[in-house]
Each structure stands twice: as C-alpha cells, then as structure tokens.
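As stored in coords.cif (mmCIF, C-alpha atoms and all ligand atoms):
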data_coords
#
loop_
_atom_site.label_atom_id
_atom_site.label_comp_id
_atom_site.auth_asym_id
_atom_site.auth_seq_id
_atom_site.Cartn_x
_atom_site.Cartn_y
_atom_site.Cartn_z
CA MET A 1 0.00 0.00 0.00
CA THR A 2 1.47 3.38 -1.02
CA ARG A 3 0.76 6.10 1.57
CA LEU A 4 0.06 9.51 0.08
CA LEU A 5 0.15 13.06 1.26
CA ILE A 6 -2.04 15.11 -1.07
CA TRP A 7 -1.15 18.78 -1.56
CA GLY A 8 -4.37 20.64 -2.37
CA THR A 9 -7.92 20.59 -1.06
CA GLY A 10 -9.73 22.06 -4.05
CA GLY A 11 -11.48 20.69 -7.11
CA GLN A 12 -8.51 18.60 -8.22
CA ALA A 13 -8.29 16.87 -4.85
CA GLU A 14 -12.03 16.14 -5.06
CA LYS A 15 -11.42 14.61 -8.48
CA ILE A 16 -8.69 12.34 -7.15
CA LEU A 17 -10.95 11.22 -4.32
CA ALA A 18 -13.76 10.40 -6.75
CA GLN A 19 -11.54 7.88 -8.60
CA PHE A 20 -9.07 6.99 -5.87
CA PRO A 21 -7.09 3.74 -6.37
CA HIS A 22 -8.01 2.36 -2.90
CA ASP A 23 -6.57 -1.07 -3.71
CA THR A 24 -3.05 0.24 -3.94
CA HIS A 25 -3.00 3.65 -2.20
CA GLU A 26 -4.13 5.27 1.02
CA ILE A 27 -4.12 8.93 2.05
CA THR A 28 -2.49 9.89 5.33
CA ALA A 29 -3.16 13.67 5.25
CA PHE A 30 -3.72 16.69 3.02
CA VAL A 31 -1.54 19.77 2.73
CA ASP A 32 -2.70 23.30 1.92
CA SER A 33 -0.76 26.54 2.11
CA ASP A 34 -3.95 28.51 2.81
CA PRO A 35 -4.39 28.68 6.63
CA ALA A 36 -8.15 29.09 6.11
CA ARG A 37 -8.30 25.52 4.78
CA ARG A 38 -6.66 23.85 7.82
CA GLY A 39 -8.69 21.39 9.86
CA LEU A 40 -10.21 18.32 8.30
CA PHE A 41 -10.84 17.46 4.64
CA HIS A 42 -12.82 14.30 3.98
CA GLY A 43 -12.13 13.33 7.60
CA LEU A 44 -8.34 13.64 7.29
CA PRO A 45 -6.07 16.36 8.72
CA VAL A 46 -5.04 19.30 6.53
CA LEU A 47 -1.48 20.35 7.37
CA GLY A 48 0.40 23.50 6.48
CA PRO A 49 3.54 23.10 4.31
CA ALA A 50 5.91 23.47 7.27
CA ALA A 51 4.10 20.75 9.25
CA ALA A 52 4.16 18.49 6.18
CA ALA A 53 7.91 19.03 5.87
CA ARG A 54 8.38 17.79 9.46
CA LEU A 55 6.91 14.38 8.51
CA THR A 56 9.35 11.63 7.61
CA VAL A 57 9.23 10.23 4.09
CA GLY A 58 9.13 6.44 4.14
CA GLN A 59 7.78 6.47 7.68
CA ASP A 60 4.78 8.85 7.70
CA TYR A 61 4.10 8.73 3.94
CA ASP A 62 5.66 7.46 0.72
CA GLN A 63 4.72 10.06 -1.90
CA LEU A 64 3.45 13.61 -2.08
CA ALA A 65 0.77 13.97 -4.80
CA VAL A 66 0.17 17.54 -5.97
CA ALA A 67 -3.49 18.22 -6.76
CA SER A 68 -3.11 21.70 -8.20
CA VAL A 69 -2.56 23.43 -11.51
CA PHE A 70 0.52 25.00 -9.88
CA LEU A 71 2.44 21.71 -9.94
CA GLY A 72 5.76 23.36 -10.86
CA GLU A 73 5.58 26.03 -8.14
CA ILE A 74 4.43 23.59 -5.44
CA ARG A 75 7.14 21.11 -6.41
CA GLN A 76 9.74 23.87 -5.96
CA GLN A 77 8.25 24.90 -2.61
CA ALA A 78 8.17 21.29 -1.38
CA VAL A 79 11.76 20.64 -2.46
CA ALA A 80 12.85 23.87 -0.73
CA LEU A 81 11.19 22.51 2.44
CA GLY A 82 13.30 19.34 2.18
CA ILE A 83 10.82 16.93 0.57
CA PRO A 84 12.78 14.73 -1.87
CA ALA A 85 11.93 15.63 -5.50
CA GLU A 86 11.67 11.97 -6.52
CA ARG A 87 8.82 11.48 -4.02
CA ILE A 88 6.68 14.24 -5.55
CA ILE A 89 4.13 13.19 -8.15
CA SER A 90 1.26 14.91 -9.97
CA ALA A 91 -2.40 14.20 -9.29
CA ALA A 92 -2.68 13.14 -12.92
CA SER A 93 -0.34 10.23 -12.26
CA LEU A 94 -2.91 8.79 -9.83
CA HIS A 95 -5.62 9.15 -12.45
CA PHE A 96 -3.54 7.33 -15.06
CA LEU A 97 -2.66 4.49 -12.64
CA ASN A 98 -6.12 3.09 -13.42
CA ALA A 99 -5.00 2.71 -17.03
CA ALA A 100 -1.40 1.73 -16.30
CA HIS A 101 -1.91 -1.72 -17.86
CA LEU A 102 -2.66 0.02 -21.20
CA LEU A 103 0.42 2.24 -21.14
CA THR A 104 4.15 1.82 -21.45
CA ALA A 105 6.22 3.29 -18.61
CA ALA A 106 7.27 6.11 -20.97
CA GLN A 107 3.65 6.91 -21.91
CA LEU A 108 2.59 6.84 -18.25
CA ALA A 109 5.40 9.24 -17.37
CA GLU A 110 4.40 11.60 -20.23
CA LEU A 111 0.72 11.72 -19.26
CA ALA A 112 1.38 11.90 -15.53
CA GLY A 113 3.74 14.83 -16.04
CA VAL A 114 0.98 17.13 -17.30
CA PRO A 115 0.09 19.42 -14.39
CA TRP A 116 -3.56 19.91 -15.32
CA TRP A 117 -5.86 18.59 -18.00
CA TYR A 118 -8.68 20.74 -19.41
CA HIS A 119 -10.04 18.10 -21.77
CA GLY A 120 -11.29 14.65 -20.86
CA TYR A 121 -10.78 12.53 -23.98
CA GLU A 122 -9.51 9.19 -25.18
CA ILE A 123 -5.87 10.04 -25.80
CA LEU A 124 -4.87 6.40 -26.45
CA PRO A 125 -7.18 3.40 -26.83
CA GLY A 126 -8.91 2.93 -23.45
CA VAL A 127 -7.01 5.81 -21.79
CA VAL A 128 -9.08 8.90 -20.96
CA THR A 129 -7.52 12.13 -19.70
CA PRO A 130 -8.89 13.62 -16.46
CA GLY A 131 -10.13 17.01 -17.77
CA ALA A 132 -13.60 18.34 -17.03
CA CYS A 133 -14.39 19.34 -20.64
CA GLY A 134 -15.34 16.22 -22.53
CA TYR A 135 -14.70 15.47 -26.20
CA LYS A 136 -17.75 16.56 -28.22
CA PRO A 137 -18.17 14.17 -31.16
CA TRP A 138 -20.85 16.33 -32.79
CA LEU A 139 -18.28 19.02 -33.56
CA LEU A 140 -16.72 16.79 -36.20
CA SER A 141 -19.84 14.92 -37.29
CA HIS A 142 -20.51 16.74 -40.58
CA PRO A 143 -20.12 14.36 -43.55
CA LEU A 144 -17.66 16.76 -45.19
CA VAL A 145 -15.13 16.08 -42.41
CA ALA A 146 -15.67 12.33 -42.10
CA ASN A 147 -12.57 11.56 -44.17
CA LEU A 148 -9.74 14.08 -44.11
CA THR A 149 -7.10 12.07 -45.92
CA GLY A 150 -4.44 14.36 -47.31
CA GLN A 151 -6.11 17.57 -46.09
CA ARG A 152 -4.31 20.34 -44.28
CA ALA A 153 -6.28 21.28 -41.16
CA LEU A 154 -5.77 24.07 -38.62
CA ASP A 155 -7.15 23.59 -35.08
CA ILE A 156 -7.43 27.05 -33.49
CA GLY A 157 -7.65 26.94 -29.68
CA ALA A 158 -6.49 23.33 -29.54
CA TRP A 159 -5.67 23.29 -25.78
CA ASP A 160 -5.04 19.60 -24.84
CA GLY A 161 -5.58 18.57 -28.47
CA PRO A 162 -8.64 16.27 -28.66
CA TYR A 163 -9.74 17.65 -32.04
CA THR A 164 -6.18 17.76 -33.37
CA LEU A 165 -5.88 14.08 -32.52
CA GLU A 166 -9.24 13.16 -34.03
CA MET A 167 -8.54 15.03 -37.27
CA SER A 168 -5.14 13.33 -37.45
CA ARG A 169 -6.85 9.96 -36.98
CA ARG A 170 -9.07 10.87 -39.95
CA GLY A 171 -6.02 11.42 -42.13
CA ALA A 172 -5.45 15.18 -41.92
CA LEU A 173 -2.08 16.84 -41.55
CA VAL A 174 -3.00 19.07 -38.63
CA THR A 175 -1.46 22.29 -37.41
CA ALA A 176 -2.59 23.53 -34.00
CA LEU A 177 -2.64 27.16 -32.96
CA ASP A 178 -3.16 28.31 -29.40
CA ILE A 179 -2.20 31.29 -27.31
CA GLN A 180 -1.00 28.82 -24.65
CA PRO A 181 2.30 26.97 -25.13
CA PRO A 182 1.80 23.25 -25.80
CA THR A 183 3.88 22.31 -22.76
CA HIS A 184 1.51 24.20 -20.42
CA SER A 185 -1.28 21.86 -21.43
CA GLY A 186 -1.53 18.19 -22.37
CA PHE A 187 -0.92 19.02 -26.04
CA ALA A 188 2.81 18.19 -26.22
CA ALA A 189 2.29 14.94 -24.28
CA MET A 190 -0.61 14.00 -26.59
CA CYS A 191 1.63 14.40 -29.63
CA ARG A 192 4.48 12.43 -28.10
CA VAL A 193 2.42 9.44 -26.89
CA ASN A 194 0.72 9.23 -30.29
CA HIS A 195 3.91 9.93 -32.30
CA LEU A 196 2.05 12.71 -34.10
CA PRO A 197 4.15 15.06 -36.19
CA VAL A 198 1.85 18.00 -35.42
CA ARG A 199 3.08 21.53 -35.80
CA HIS A 200 1.97 23.75 -32.90
CA ILE A 201 1.95 27.49 -33.36
CA CYS A 202 1.90 29.34 -30.07
CA ALA A 203 0.27 32.57 -31.23
CA ASN A 204 -2.74 34.79 -31.02
CA VAL A 205 -5.37 34.12 -33.70
CA TYR A 206 -5.19 37.87 -34.40
CA ASP A 207 -1.68 37.23 -35.79
CA LEU A 208 -2.65 34.27 -37.99
CA ASN A 209 -1.62 34.92 -41.61
CA PRO A 210 -0.91 32.86 -44.75
CA ALA A 211 2.61 34.20 -45.32
CA GLU A 212 3.81 32.92 -41.97
CA HIS A 213 1.50 29.99 -41.26
CA GLY A 214 0.52 28.66 -44.70
CA THR A 215 -2.89 27.82 -46.11
CA PHE A 216 -5.39 25.15 -45.14
CA ASP A 217 -8.32 23.11 -46.44
CA LEU A 218 -10.10 23.10 -43.09
CA VAL A 219 -10.10 25.29 -39.97
CA THR A 220 -11.74 24.31 -36.69
CA PHE A 221 -12.59 27.23 -34.44
CA PHE A 222 -14.24 25.62 -31.43
CA GLY A 223 -14.90 27.44 -28.18
CA VAL A 224 -12.83 30.51 -29.02
CA TYR A 225 -14.74 33.40 -30.66
CA TYR A 226 -16.58 34.48 -27.49
CA HIS A 227 -13.20 34.78 -25.73
CA LEU A 228 -12.23 37.50 -28.22
CA LYS A 229 -13.05 41.20 -28.11
CA ASN A 230 -12.74 41.19 -31.88
CA PRO A 231 -14.11 37.91 -33.25
CA LEU A 232 -14.52 39.39 -36.73
CA ALA A 233 -10.77 40.03 -36.97
CA ALA A 234 -10.24 36.35 -36.23
CA LEU A 235 -12.75 35.30 -38.91
CA SER A 236 -11.03 37.59 -41.37
CA ASN A 237 -7.68 35.88 -40.64
CA ILE A 238 -9.31 32.47 -40.98
CA ASN A 239 -10.62 33.51 -44.39
CA ALA A 240 -7.09 34.55 -45.37
CA VAL A 241 -5.50 31.19 -44.46
CA LEU A 242 -8.22 29.06 -46.06
CA LYS A 243 -7.79 27.88 -49.63
CA PRO A 244 -10.68 28.80 -51.99
CA GLY A 245 -13.59 26.49 -51.15
CA GLY A 246 -12.02 25.57 -47.79
CA LEU A 247 -14.21 24.85 -44.77
CA VAL A 248 -14.44 26.45 -41.37
CA LEU A 249 -16.25 24.83 -38.46
CA VAL A 250 -17.21 27.35 -35.79
CA GLU A 251 -18.65 26.51 -32.38
CA GLY A 252 -19.33 28.54 -29.28
CA ALA A 253 -21.63 30.34 -26.89
CA VAL A 254 -24.78 31.78 -28.46
CA LEU A 255 -27.46 34.01 -27.02
CA GLU A 256 -30.07 31.26 -27.36
CA GLY A 257 -28.24 29.43 -24.55
CA ALA A 258 -28.01 32.46 -22.26
CA PRO A 259 -31.18 31.78 -20.19
CA MET A 260 -29.63 28.43 -19.17
CA LEU A 261 -26.16 29.73 -18.42
CA ASP A 262 -26.17 33.39 -17.44
CA GLY A 263 -27.80 35.04 -14.43
CA PHE A 264 -28.78 38.20 -16.29
CA TRP A 265 -30.63 36.23 -18.98
CA ALA A 266 -32.30 33.71 -16.66
CA GLY A 267 -36.06 34.08 -17.15
CA ARG A 268 -35.63 36.18 -20.31
CA ALA A 269 -35.84 33.38 -22.89
CA ASP A 270 -38.92 35.04 -24.41
CA VAL A 271 -36.88 38.17 -25.27
CA ILE A 272 -34.24 36.09 -27.06
CA GLU A 273 -36.84 33.97 -28.84
CA ALA A 274 -38.76 37.05 -30.04
CA LEU A 275 -35.58 38.51 -31.56
CA ARG A 276 -33.95 35.35 -32.85
CA ASP A 277 -34.19 36.28 -36.55
CA ILE A 278 -32.56 39.63 -35.89
CA PRO A 279 -28.76 39.38 -35.92
CA MET A 280 -27.73 40.49 -32.44
CA GLY A 281 -24.42 40.27 -30.64
CA TYR A 282 -24.46 40.72 -26.86
CA PHE A 283 -21.29 42.34 -25.57
CA VAL A 284 -20.44 42.28 -21.91
CA LYS A 285 -17.32 43.34 -20.08
CA GLY A 286 -16.16 39.77 -19.75
CA GLU A 287 -18.95 38.78 -17.42
CA TYR A 288 -21.04 36.36 -19.43
CA GLU A 289 -21.56 33.10 -17.53
CA GLY A 290 -19.55 34.63 -14.67
CA GLU A 291 -16.34 34.12 -16.67
CA TRP A 292 -14.05 37.12 -17.06
CA SER A 293 -12.93 36.20 -20.59
CA ASN A 294 -16.35 35.90 -22.24
CA TRP A 295 -16.97 39.01 -24.31
CA TRP A 296 -19.21 38.58 -27.36
CA VAL A 297 -22.24 36.29 -27.39
CA PRO A 298 -24.04 36.44 -30.77
CA ASN A 299 -27.34 34.81 -31.49
CA LEU A 300 -27.14 32.12 -34.14
CA THR A 301 -28.41 34.49 -36.83
CA CYS A 302 -25.67 36.97 -35.91
CA LEU A 303 -23.00 34.25 -35.96
CA CYS A 304 -24.09 33.43 -39.52
CA HIS A 305 -23.94 37.11 -40.47
CA TRP A 306 -20.43 37.32 -39.04
CA LEU A 307 -19.45 34.39 -41.25
CA GLU A 308 -21.24 35.70 -44.35
CA SER A 309 -19.62 39.11 -43.98
CA SER A 310 -16.25 37.37 -43.62
CA GLY A 311 -16.36 35.69 -47.05
CA PHE A 312 -18.15 32.45 -46.12
CA GLU A 313 -21.30 30.67 -47.22
CA VAL A 314 -22.96 28.93 -44.26
CA LEU A 315 -23.70 25.34 -45.27
CA GLU A 316 -25.20 24.26 -41.97
CA ARG A 317 -26.13 26.02 -38.74
CA GLY A 318 -27.62 24.63 -35.58
CA LEU A 319 -27.88 24.69 -31.83
CA VAL A 320 -26.03 21.99 -29.90
CA GLU A 321 -25.80 20.93 -26.24
CA GLY A 322 -29.53 21.31 -25.68
CA GLY A 323 -29.55 24.76 -27.26
CA ALA A 324 -26.72 26.11 -25.13
CA ARG A 325 -24.24 26.61 -27.97
CA GLY A 326 -24.15 27.14 -31.72
CA LEU A 327 -22.32 25.28 -34.47
CA CYS A 328 -21.83 26.43 -38.06
CA VAL A 329 -20.19 24.73 -41.01
CA ALA A 330 -19.19 27.28 -43.65
CA ARG A 331 -17.31 27.36 -46.93
CA LYS A 332 -14.98 30.11 -48.10
CA VAL A 333 -16.57 31.64 -51.19
CA GLN A 334 -14.54 34.81 -51.54
CA ALA A 335 -11.46 36.56 -50.28
CA LEU A 336 -12.22 39.60 -48.18
CA ALA A 337 -12.49 42.99 -49.82
CA PRO A 338 -11.60 46.19 -47.91
CA GLU A 339 -14.36 47.16 -45.49
CA HIS A 340 -14.93 50.47 -47.17
CA THR A 341 -14.85 51.77 -50.73
CA VAL A 342 -11.40 52.99 -51.66
CA LEU A 343 -11.62 56.03 -53.90
CA PRO A 344 -9.32 56.18 -56.94
CA PRO A 345 -6.62 58.86 -56.83
CA ALA A 346 -7.86 62.24 -58.07
C1 LIG B 1 -12.66 27.23 -24.23
S1 LIG B 1 -11.13 26.66 -24.87
C2 LIG B 1 -11.70 25.68 -26.23
C3 LIG B 1 -10.84 24.47 -26.42
C4 LIG B 1 -11.28 23.52 -27.53
N1 LIG B 1 -11.16 24.17 -28.85
C5 LIG B 1 -12.69 23.04 -27.31
O1 LIG B 1 -13.60 23.49 -28.01
O2 LIG B 1 -12.90 22.22 -26.41
C6 LIG B 1 -10.46 28.09 -25.69
C7 LIG B 1 -9.08 27.85 -26.28
O3 LIG B 1 -8.76 28.95 -27.11
C8 LIG B 1 -7.48 29.46 -26.78
N2 LIG B 1 -7.49 30.91 -27.07
C9 LIG B 1 -8.16 31.87 -26.40
N3 LIG B 1 -7.93 33.07 -26.95
C10 LIG B 1 -7.10 32.86 -28.01
C11 LIG B 1 -6.49 33.71 -28.96
N4 LIG B 1 -6.70 35.02 -28.96
N5 LIG B 1 -5.70 33.15 -29.91
C12 LIG B 1 -5.48 31.81 -29.92
N6 LIG B 1 -6.01 30.96 -29.03
C13 LIG B 1 -6.82 31.47 -28.08
C14 LIG B 1 -7.33 29.12 -25.32
O4 LIG B 1 -5.98 29.12 -24.91
C15 LIG B 1 -7.99 27.75 -25.25
O5 LIG B 1 -7.10 26.74 -25.58
#
Can you present the structure in this file as structure tokens?
Amino acid sequence: MTRLLIWGTGGQAEKILAQFPHDTHEITAFVDSDPARRGLFHGLPVLGPAAAARLTVGQDYDQLAVASVFLGEIRQQAVALGIPAERIISAASLHFLNAAHLLTAAQLAELAGVPWWYHGYEILPGVVTPGACGYKPWLLSHPLVANLTGQRALDIGAWDGPYTLEMSRRGALVTALDIQPPTHSGFAAMCRVNHLPVRHICANVYDLNPAEHGTFDLVTFFGVYYHLKNPLAALSNINAVLKPGGLVLVEGAVLEGAPMLDGFWAGRADVIEALRDIPMGYFVKGEYEGEWSNWWVPNLTCLCHWLESSGFEVLERGLVEGGARGLCVARKVQALAPEHTVLPPA
C-alpha cells in the first residue's frame, strides 16, 4: 500500500478522491498553504507546508501527490522545504494508474507529467484524460469532415488537443494554434504518446496569416470566438489562411443558450426567442456566464452574419448541447475585400 500526502484541497483533490485507487494507495493527510483551509478534509487532517515538511518520508508517507494546476511552483516549494523531489508526483499520475496496464512506462510518465488537463478525452485506446471538458463528437460529425485524408487542417484553440488528434486519426495533416504553449497543457504529451508530427503554433489568432503559417483546407474554431473582443478580426484571418472552397467549423456560446447559463438572462428566454431572426451580438465586459474572458455572445443568426460578412457561405447552422451553444459549417466563397470603398486617386 502506497501512503500519500495530497497537496491541495480544491477541485482537483475532489477529483482524485472520486476515482481513488483504494486497492493500492491510502491517504495519510492533506496539505494546503492557505491557513483558512486547515482542519479536516474528507475526515483527514489538513497540514500546512511546514508541518508536512516535518513528517518523515518512508515512515509517515511514501509520496506527495500535488493536486493543483501550480504543480511546478508547489514542487519547488516542497523541495525547498526538504521533501525529496523523486517522491513528488502529480495528481494526474494517480488518475492514469487506473489505465497503467494500457500504457508503457514512458507513456505513463508523459501523461502523468501534465500538471492539469482541461479536456477529458480518449488520448490512447482505453485511456481517458482527467479534464472536465469532454470530447464533443458532434463538432466533427458533418459528412464533409468524415474523411480528411491528405487535407491540411488548422485547429485554433487546440488546448489539450482532442480535435487535433481526431482530425489526425481521420487522415489530416494538422497544425494547431493556441495562445498557450503546448507544454503548459496536455498538447505536447498527446503528440508524443501518439507519435504525431503535429506543428503547434503558439500565437494569437489575431496574428494568424498565410505568409507565416501557410494555407489550409479546413479550420476548426471551437470554443474561441466568445473569448475574443474582436471575433470578426479572427474570422477575417481564418478567411485569409483558407484555400478557396475551404471549410471552417465554428462553435461557441450563443445568445439562445443564455437563459440556461447566465444570471442576467435567466427568465428572459422570451426576449431572445422574439428577436432570434434579428442578428444580435451581446457584448459584456467579460462577465457572461460569470467568466471574465467571455466578451461577445451572438445569437445564431448573428453568428451566420459574421461568417457571411467574412467571405463564407454557411452550409449548416444549428444549436447543440440542448440549445446552449451554436455550431456552423461554412465554406470560403470569396477573399475579403476592404471594409470600405477605396476612392481612386484624383
Ligand atoms: C474554451 S477553450 C476551447 C478548447 C477547444 N477548442 C474546445 O472546443 O474544447 C479556448 C481555447 O482557445 C485558446 N485561445 C483563447 N484566446 C485565443 C487567442 N486570442 N488566440 C489563440 N487561441 C486562443 C485558449 O488558450 C484555449 O485553448
């Protein structure tokens, strides 16, 4: 039986407890640097870092599992307190123990080394990552993307890479673009365990351009536009990197879902329904759904107008997730002209 100290008493610790490998591990105590969290957690003592450092490794516990996105910082703090580095593991390593029989030691080490997973998806056959955001198969269910053999695809906002992986499995040569470095997420580990030669561009979608990044047959733009203050600039760049006739798949928050998700809109579904054929974008100062980085929430009609004014023909539009979000499949039909008439020189 391996005895664990778990550093963290938040959501990640709760997740570990929900799938705890009781057959092989037991928890002796928790650690939290926040004095307000001392006391008991799930019936076990919560120690401060200094008290944890006074315990004897091998006698009081065998390993320290870090249940926090700040794995790197906590590891440094623990080592500075005298806890041997080789005894410190990530919470993810406990999660992947359940699938250890499906992984090589090298794969287990790769996956366990990721400090925090956003996506929960099947990264290898039978091995599912511990993120809260599940893989959404309907995002890639359009018949036009069923077989991507030989196509060049760009996955904007790839994060841990579930859609990059799926498009690769369908035969595409995928490039990922995200504002977050691939080593801060599970993306780099996903590529290594799958031996995927994926190019990752760590950049802002506002800087996407064909001269630097090339051109593509398909762009996926899932869960990103509402995080932008200027989603139309992003659509304009997507138009520029798509080959003529190329496809863009766009998914995200739409106003139709607001009564389910946002306090201000709760009970106002009738207002949204009455105006649903009028293209309307709701702009808030990053407060939609209580999330600081949610800016623009268009209704589905508005999302289509954004696409149509960005050089696309919308082939299919629809609400997904019980009406909470919108999904559009669109084809590039023209390059973008200047937004205003340019007068000839006098
Ligand atoms: C809500 S997640 C969506 C992840 C994934 N596409 C999905 O649908 O599950 C938003 C992703 O977009 C990335 N992102 C946000 N703003 C961006 C920007 N301006 N340029 C590039 N990526 C951005 C984030 O880092 C994150 O990976």
(message) Using all atoms listed in the file, which protein or nucleic acid residues come within 6 Å of stretch 199-207 of chain A? Drop anything in the same chain fewer than 4 positions from it, and give the result as a PyMOL selection string.
(response) chain A and resi 175-179+181+234
(message) For a quick check of understanding, using all atoms listed in the file, which of A:Ala53, A:Leu140, A:Val69, A:Ala91 has the smallest distance to ligand LIG 1 (chain B)?
(response)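 Under the stated criterion, the closest residue is A:Leu140.
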(request) Would you kindly return, as a VMD selection string, each protein, DNA or RNA residue with an atom no farther than 12 Å from any atom of A:Gly126, considering all atoms listed in the file and excluding same-chain residues fewer than 6 positions away? (result) chain A and resid 96 98 to 103
(request) Pick out the closest residue to A:Val224 from this set: A:Ser185, A:Phe264, A:Leu196, A:Trp295. Count all atoms listed in the file. (result)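 Result for the nearest residue to A:Val224: A:Trp295.
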(message) Please compute the atom CA of A:Thr56-atom CA of A:Ile83 distance, one decimal, in Å.
(response) 8.9 Å
(message) If we count only C-alpha atoms and set the cut-off at 12 Å, which residues sit around A:Leu55, ignoring sequence neighbours fewer than 3 positions away in its own chain? Please answer as a list in words.
(response)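 My reading of the contact set: Leu4, Leu5, Thr28, Ala29, Val31, Leu47, Gly48, Pro49, Ala50, Ala51, Ala52, Gly58, Gln59, Asp60, Tyr61, Asp62, Gln63, Leu64, Leu81, Gly82, Ile83 and Pro84 of chain A.
Ranking A:Ala13, A:Met190, A:Val333, A:Leu228 by their shortest atom-to-atom distance to ligand LIG 1 (chain B), with all atoms listed in the file included, puts A:Leu228 first.
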(message) Between A:Ala158, A:Leu249, A:Ala337, A:Ala153, which residue has the minimum interatomic distance to A:Tyr135, considering only C-alpha atoms?
(response) A:Ala158
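Considering all atoms listed in the file, the residue among A:Leu17, A:Leu307, A:Met280, A:Val145 positioned nearest to A:Leu232 is A:Leu307.
In this structure, atom CA of A:Leu235 sits 6.2 Å away from atom CA of A:Ser310.
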Which polymer residues have any atom within 12 Å of an atom of A:Gly322, counting only C-alpha atoms, with same-chain residues fewer than 5 positions away left out, as an mmCIF file with C-alpha atoms, in the frame of the given file?
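Done, and the output landed in result06.cif:
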data_model
loop_
_atom_site.group_PDB
_atom_site.id
_atom_site.type_symbol
_atom_site.label_atom_id
_atom_site.label_comp_id
_atom_site.auth_asym_id
_atom_site.auth_seq_id
_atom_site.Cartn_x
_atom_site.Cartn_y
_atom_site.Cartn_z
ATOM 1 C CA VAL A 254 -24.780 31.780 -28.460
ATOM 2 C CA GLU A 256 -30.070 31.260 -27.360
ATOM 3 C CA GLY A 257 -28.240 29.430 -24.550
ATOM 4 C CA ALA A 258 -28.010 32.460 -22.260
ATOM 5 C CA PRO A 259 -31.180 31.780 -20.190
ATOM 6 C CA MET A 260 -29.630 28.430 -19.170
ATOM 7 C CA LEU A 261 -26.160 29.730 -18.420
#
Start from the incomplete input, build N, CA and C atoms for stretch 319-340 of chain A, and deliver everything as a PDB file, keeping the file's coordinate frame.
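Output (result_5.pdb):
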ATOM      1  N   LEU A 319     -28.169  24.603 -33.252  1.00  0.00           N
ATOM      2  CA  LEU A 319     -27.880  24.690 -31.830  1.00  0.00           C
ATOM      3  C   LEU A 319     -27.452  23.297 -31.360  1.00  0.00           C
ATOM      4  N   VAL A 320     -26.493  23.260 -30.455  1.00  0.00           N
ATOM      5  CA  VAL A 320     -26.030  21.990 -29.900  1.00  0.00           C
ATOM      6  C   VAL A 320     -26.051  22.095 -28.373  1.00  0.00           C
ATOM      7  N   GLU A 321     -25.800  20.984 -27.716  1.00  0.00           N
ATOM      8  CA  GLU A 321     -25.800  20.930 -26.240  1.00  0.00           C
ATOM      9  C   GLU A 321     -27.118  21.459 -25.679  1.00  0.00           C
ATOM     10  N   GLY A 322     -28.211  20.929 -26.192  1.00  0.00           N
ATOM     11  CA  GLY A 322     -29.530  21.310 -25.680  1.00  0.00           C
ATOM     12  C   GLY A 322     -29.859  22.764 -25.919  1.00  0.00           C
ATOM     13  N   GLY A 323     -29.265  23.359 -26.946  1.00  0.00           N
ATOM     14  CA  GLY A 323     -29.550  24.760 -27.260  1.00  0.00           C
ATOM     15  C   GLY A 323     -28.588  25.729 -26.614  1.00  0.00           C
ATOM     16  N   ALA A 324     -27.626  25.224 -25.857  1.00  0.00           N
ATOM     17  CA  ALA A 324     -26.720  26.110 -25.130  1.00  0.00           C
ATOM     18  C   ALA A 324     -25.683  26.770 -26.040  1.00  0.00           C
ATOM     19  N   ARG A 325     -25.306  26.086 -27.114  1.00  0.00           N
ATOM     20  CA  ARG A 325     -24.240  26.610 -27.970  1.00  0.00           C
ATOM     21  C   ARG A 325     -24.613  26.471 -29.438  1.00  0.00           C
ATOM     22  N   GLY A 326     -23.875  27.192 -30.288  1.00  0.00           N
ATOM     23  CA  GLY A 326     -24.150  27.140 -31.720  1.00  0.00           C
ATOM     24  C   GLY A 326     -22.999  26.490 -32.467  1.00  0.00           C
ATOM     25  N   LEU A 327     -23.333  25.915 -33.624  1.00  0.00           N
ATOM     26  CA  LEU A 327     -22.320  25.280 -34.470  1.00  0.00           C
ATOM     27  C   LEU A 327     -22.636  25.625 -35.917  1.00  0.00           C
ATOM     28  N   CYS A 328     -21.655  26.127 -36.633  1.00  0.00           N
ATOM     29  CA  CYS A 328     -21.830  26.430 -38.060  1.00  0.00           C
ATOM     30  C   CYS A 328     -20.740  25.757 -38.871  1.00  0.00           C
ATOM     31  N   VAL A 329     -21.144  25.253 -40.031  1.00  0.00           N
ATOM     32  CA  VAL A 329     -20.190  24.730 -41.010  1.00  0.00           C
ATOM     33  C   VAL A 329     -20.277  25.692 -42.190  1.00  0.00           C
ATOM     34  N   ALA A 330     -19.150  26.256 -42.591  1.00  0.00           N
ATOM     35  CA  ALA A 330     -19.190  27.280 -43.650  1.00  0.00           C
ATOM     36  C   ALA A 330     -18.045  27.066 -44.636  1.00  0.00           C
ATOM     37  N   ARG A 331     -18.293  27.515 -45.850  1.00  0.00           N
ATOM     38  CA  ARG A 331     -17.310  27.360 -46.930  1.00  0.00           C
ATOM     39  C   ARG A 331     -16.809  28.750 -47.353  1.00  0.00           C
ATOM     40  N   LYS A 332     -15.514  28.837 -47.612  1.00  0.00           N
ATOM     41  CA  LYS A 332     -14.980  30.110 -48.100  1.00  0.00           C
ATOM     42  C   LYS A 332     -15.408  30.301 -49.547  1.00  0.00           C
ATOM     43  N   VAL A 333     -16.124  31.387 -49.820  1.00  0.00           N
ATOM     44  CA  VAL A 333     -16.570  31.640 -51.190  1.00  0.00           C
ATOM     45  C   VAL A 333     -15.902  32.861 -51.804  1.00  0.00           C
ATOM     46  N   GLN A 334     -15.290  33.670 -50.980  1.00  0.00           N
ATOM     47  CA  GLN A 334     -14.540  34.810 -51.540  1.00  0.00           C
ATOM     48  C   GLN A 334     -13.483  35.303 -50.568  1.00  0.00           C
ATOM     49  N   ALA A 335     -12.453  35.902 -51.127  1.00  0.00           N
ATOM     50  CA  ALA A 335     -11.460  36.560 -50.280  1.00  0.00           C
ATOM     51  C   ALA A 335     -12.091  37.873 -49.808  1.00  0.00           C
ATOM     52  N   LEU A 336     -11.567  38.409 -48.733  1.00  0.00           N
ATOM     53  CA  LEU A 336     -12.220  39.600 -48.180  1.00  0.00           C
ATOM     54  C   LEU A 336     -11.773  40.871 -48.900  1.00  0.00           C
ATOM     55  N   ALA A 337     -12.774  41.685 -49.219  1.00  0.00           N
ATOM     56  CA  ALA A 337     -12.490  42.990 -49.820  1.00  0.00           C
ATOM     57  C   ALA A 337     -12.275  43.985 -48.672  1.00  0.00           C
ATOM     58  N   PRO A 338     -11.699  45.149 -48.954  1.00  0.00           N
ATOM     59  CA  PRO A 338     -11.600  46.190 -47.910  1.00  0.00           C
ATOM     60  C   PRO A 338     -13.000  46.485 -47.352  1.00  0.00           C
ATOM     61  N   GLU A 339     -13.056  46.949 -46.122  1.00  0.00           N
ATOM     62  CA  GLU A 339     -14.360  47.160 -45.490  1.00  0.00           C
ATOM     63  C   GLU A 339     -15.043  48.433 -45.974  1.00  0.00           C
ATOM     64  N   HIS A 340     -14.317  49.231 -46.700  1.00  0.00           N
ATOM     65  CA  HIS A 340     -14.930  50.470 -47.170  1.00  0.00           C
ATOM     66  C   HIS A 340     -14.437  50.750 -48.582  1.00  0.00           C
TER      67      HIS A 340
END
